[in-house]
Structure formats: structure tokens, C-alpha cells
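Presented below is the structure to which this report refers.
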Amino acid sequence: MGKNSRVRHKAKRKAAEAAQRRRAAGPLGPDDPLGLFGASRVPSQRQLAEQIIDQAIHAQHREETAELDRCRALLTAGPGGATGVQLVNRALLASLLREVEHAWRRGWQPAELVRVVRREYSARHGRLMVDAIAAQMRGYSTASVDQRWQSQLAALDVQVWWEHDDHYVTVWGERQGLDRAGMIATVIEVLHLLVTLPPIEPVGPMPGTAMSAAVTPPADLDQRMLDRVRALLAKAESTDFPEEADAFTAKAQELMARHRIDHALLVARTGVRDQPVTRRVGIDNPYEAPKTLLLQVVAEANRCRAVWMKRFGFTTIVGFPADLESTELLFTSLLVQATRAMTQAKPSTDKYGRNTTRSFRQSFLTAYASRIGERLSTATEGVDREMTASAGAAQLLPVLAARDDAVRDVFEKQFPELTQHATAINNREGWASGRAAADRASLHGRQAVAHE
């Protein structure tokens, strides 16, 4: 049984146990409409609101429509009348903040939470998640927040725009054009998603924790190399000639391969500890599978390992920090180049007059990614042979082998169970055009992408 399945089964068991406890608690009464507390206890309105929210989440999970509707109705009206509405609002926001923090502790980052809620539900749910993140971040100083988190928060435009937390749920519903029932339904759906998210590998420190002191190569060496690579990739992105783009991209890969070897030797000579780390890259629709394939072949060329988390829309990459930086940089540039070449190519209709744009572009990007993988591997292998000869195989090969082993061990520990996803080619014209765009390819019609 996979990890996601185990998490779902565990949640179902907990829901069943809670239902059994409620059935044993005794008959329902006016102060305890769901029978949550038993005959000997009279709950406060706050406790009752919290328990109804919890029950609504479980009902959402079990897809028990009648019970979910009953919980939503109680939350809409507010237990105990008008004062209960404000208590429900307060309890809903408190639940969102609590579950956001729990998700962070299970490895999720802000941009990933927004991405997954948008994929599972809608952009409106994503806006609710952004606000929950903004409210939760108020408890942390900027100095205690990792730089990558800060970048995500800035990209999401995270800010607290409401005046008082007790009014947030109401004013958010008004801003979104929802009545109270629709607003309650949206919040419960987001809470259910947060509660059922599986744990994933942490890729950086949570806010408020000690900042990581990852070992990096000298800043001047990294910056010089990255500036040269960026300049080459900018030229590859701007040229209209495939041969020039190919040459610039290959040269950029050679520079990154040389840098990887130089850094490995530096670490070996100094004895400074350098360990593989994990990073996640979002993959957007449309054409997720071939885009993921492109990222995977770039990662492999840079001595990293990648796996596609299909449900959540991102790829997890394991490698040494400098190699991960190279992978992201090159992938971003190649995706720009591929998209430009793809949109310039003109698919035709099939013999029945049907539009073939989607199948054409799917096949185009798959062919492009496959050819890119071959080209990058050739460039990297050439640099490896050259550097091995110049530095001495006795010194270099054990270092590179040890680093490859370290990446593999960390990757296999994180992902002990993987499956293969086959990207089908069903448009010959798109395949041929993608192969031509990637230059001189002789390729297979299907390519496997690892995913969890």
C-alpha cells in the first residue's frame, strides 16, 4: 500500500472511531445538536462550534452528504443564535491557522499549499489559503523566516487586508460574492484538504526555527559561473536559429558540469561536509507530463534525482545544492525555448477536420524533452571524460561516485516506492516537429516519468 493510501485509510479509521463515540454518547439535545458531548456535559458555544467544524470535516471526508449539510447549516446559523455566528467565524479562522501550521510541520511550504488547493478546488479556495497563510505569518519576524519562504510569500502577495479576525470570514465571503452558506462550504473544503494532506519531505526550516547553514561553494565562484550560464541561456532564448540555441544551451550545460566537478574536488580537498538536499519545483498545466519529463532529464544530466508528485503538481528533486541550482536554471530556460518553438509550429487538422493542437503539443514537448536528455547527457559525459583525464581519475572518480551514492541513498529513503508514468505519443507531426526543434533526434515513442 502506498503512503497516500495509508494516510487516507488512517483518516477513515479516525472518522469511524469518532462516529462510534458520538453514537455512544446518548440522545441529541437542543444544546448539543450533534450529540458530541453526552448527557452529562453542556458545552460552551465555543466548544460546540469547534466540534461542529470537526464533524463537518469528517463528513466531507466520508462524503456523507446529509450530515455535511446539517453541519453546514448549524455553522451558517451559528450555535446559540446571533452570538454564535461570531464564535463560528472565530473558530473557523483559528482552525485554518492551526491546520496551516500543521501542514508546515508535515513539510508543506506556502506556495505548495496554495498550488494544491487551487488544483483540488478553485482559484477562490486558493485566495482563502493565501489569507490563512498571511494570518499565520503574523507570529514570525522576518529574520526568522527562510529566504526561500520569503520569496514565496512575496510572489503570493501575502498580506493581512482585513481589520479584525472576528470579522474575517464574513468580509471574505462578501468580497468573493458568496452568501454565508457558500462561504462556510469553502472553508470546510479547505480545512478538509489541509487535514488530509500527507507528510512530505521538509525542504527548509519552518518560520521561527534556526536558519539552515548549508555548505555552499565560495560566493564569487558561484556568482561568476551563474552569470555566465545566465548570459548563455539568454542568448539561447533570444535566437530564432535552432542551431545557435543548441550551441548556447550545450555550452551552458558544459559550464555547469565543470562547476559541479570543481566544487566536488574543492569539498574533497577541504574536508568540508556537503550533503544532498531536497527541492520542489511546481509544474503547471497544460502538458504536465512532458514538462515533468523535461525537468527529469535536466536533473539527471546534473547528477540529481527527480520524482513527479502528480496529484500535487510538483516535482521533487534531490541533489547537491549547486547541482539543484543548475537544474532549475537550465530547466526554466529550456521550457521557455520549448514553448516558443512549440507555439511557432503550426499543427494541422486531422483527416476528419478535427483540431489536433493538444495532441500535437503533447507529442512535441515529449519529443523535445527526450532529445534534450540525450544532448545534455552527451555534453556532461564529454566534460566528465575531459576533467577526469586532467584531474586524474584516481582523485576524481571516487569523489564523484561517493556523491552519486549519497544522492541515491537520500532519494531512495524519501521515495522507497515509485511507479512509472508513460507519456504517450499520438501525433506524428508533433513528434517530428519537437524532434526537429531539439535538433537531430532519433528517439523512442514513449518515455517514462517516475512519480509517487
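Convention: chains lettered A, B, ... in C-alpha cells order; per-chain residue numbering from 1; ligands numbered from 1 as shown.
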Test item: residues at most 10 Å from Arg408 of chain A, only C-alpha atoms, excluding those fewer than 4 positions along its chain, as a VMD selection string: chain A and resid 276 303 to 305 318 to 319 402 to 404 412 to 414
Who sits within 10 Å of Gln152 of chain A, only C-alpha atoms, same chain under 6 positions skipped, as a PyMOL selection string: chain A and resi 109-112+158
Which of segment 93-230 of chain A fall in helix (DSSP H, G or I), as number ranges by chain: A: 93-105, 110-120, 123-137, 142-144, 147-156, 165-175, 180-196, 219-230
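Residues within 9 Å of Gln176 of chain A, counting only C-alpha atoms and excluding same-chain residues fewer than 5 positions away, are Arg124, Val171 and Met183 of chain A.
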Residues just named, written with N, CA and C atoms as a PDB file, in the first residue's frame:
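Generated output (selection.pdb):
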```
ATOM      1  N   ARG A 124     -10.631  30.581  -6.047  1.00  0.00           N
ATOM      2  CA  ARG A 124     -11.219  31.184  -4.845  1.00  0.00           C
ATOM      3  C   ARG A 124     -10.699  30.491  -3.588  1.00  0.00           C
ATOM      4  N   VAL A 171     -16.339  39.098   5.956  1.00  0.00           N
ATOM      5  CA  VAL A 171     -15.926  40.061   4.925  1.00  0.00           C
ATOM      6  C   VAL A 171     -15.267  39.349   3.750  1.00  0.00           C
ATOM      7  N   MET A 183     -19.776  30.485   1.798  1.00  0.00           N
ATOM      8  CA  MET A 183     -18.517  30.759   2.477  1.00  0.00           C
ATOM      9  C   MET A 183     -18.147  29.623   3.434  1.00  0.00           C
TER      10      MET A 183
END
```
Selection: 8 Å around Val100 of chain A, only C-alpha atoms, excl. self and same-chain fewer than 2 positions, as number ranges by chain: A: 96-98, 102-104, 132-133, 136, 194
Spatial neighbours of Phe314 of chain A, 8 Å, only C-alpha atoms, chain gap at least 5 places, as a ChimeraX atom specification: /A:280-283,308-309
DSSP strand (DSSP E or B) residues within segment 270-312 of chain A, listed as a VMD selection string: chain A and resid 277 to 282 305 to 309
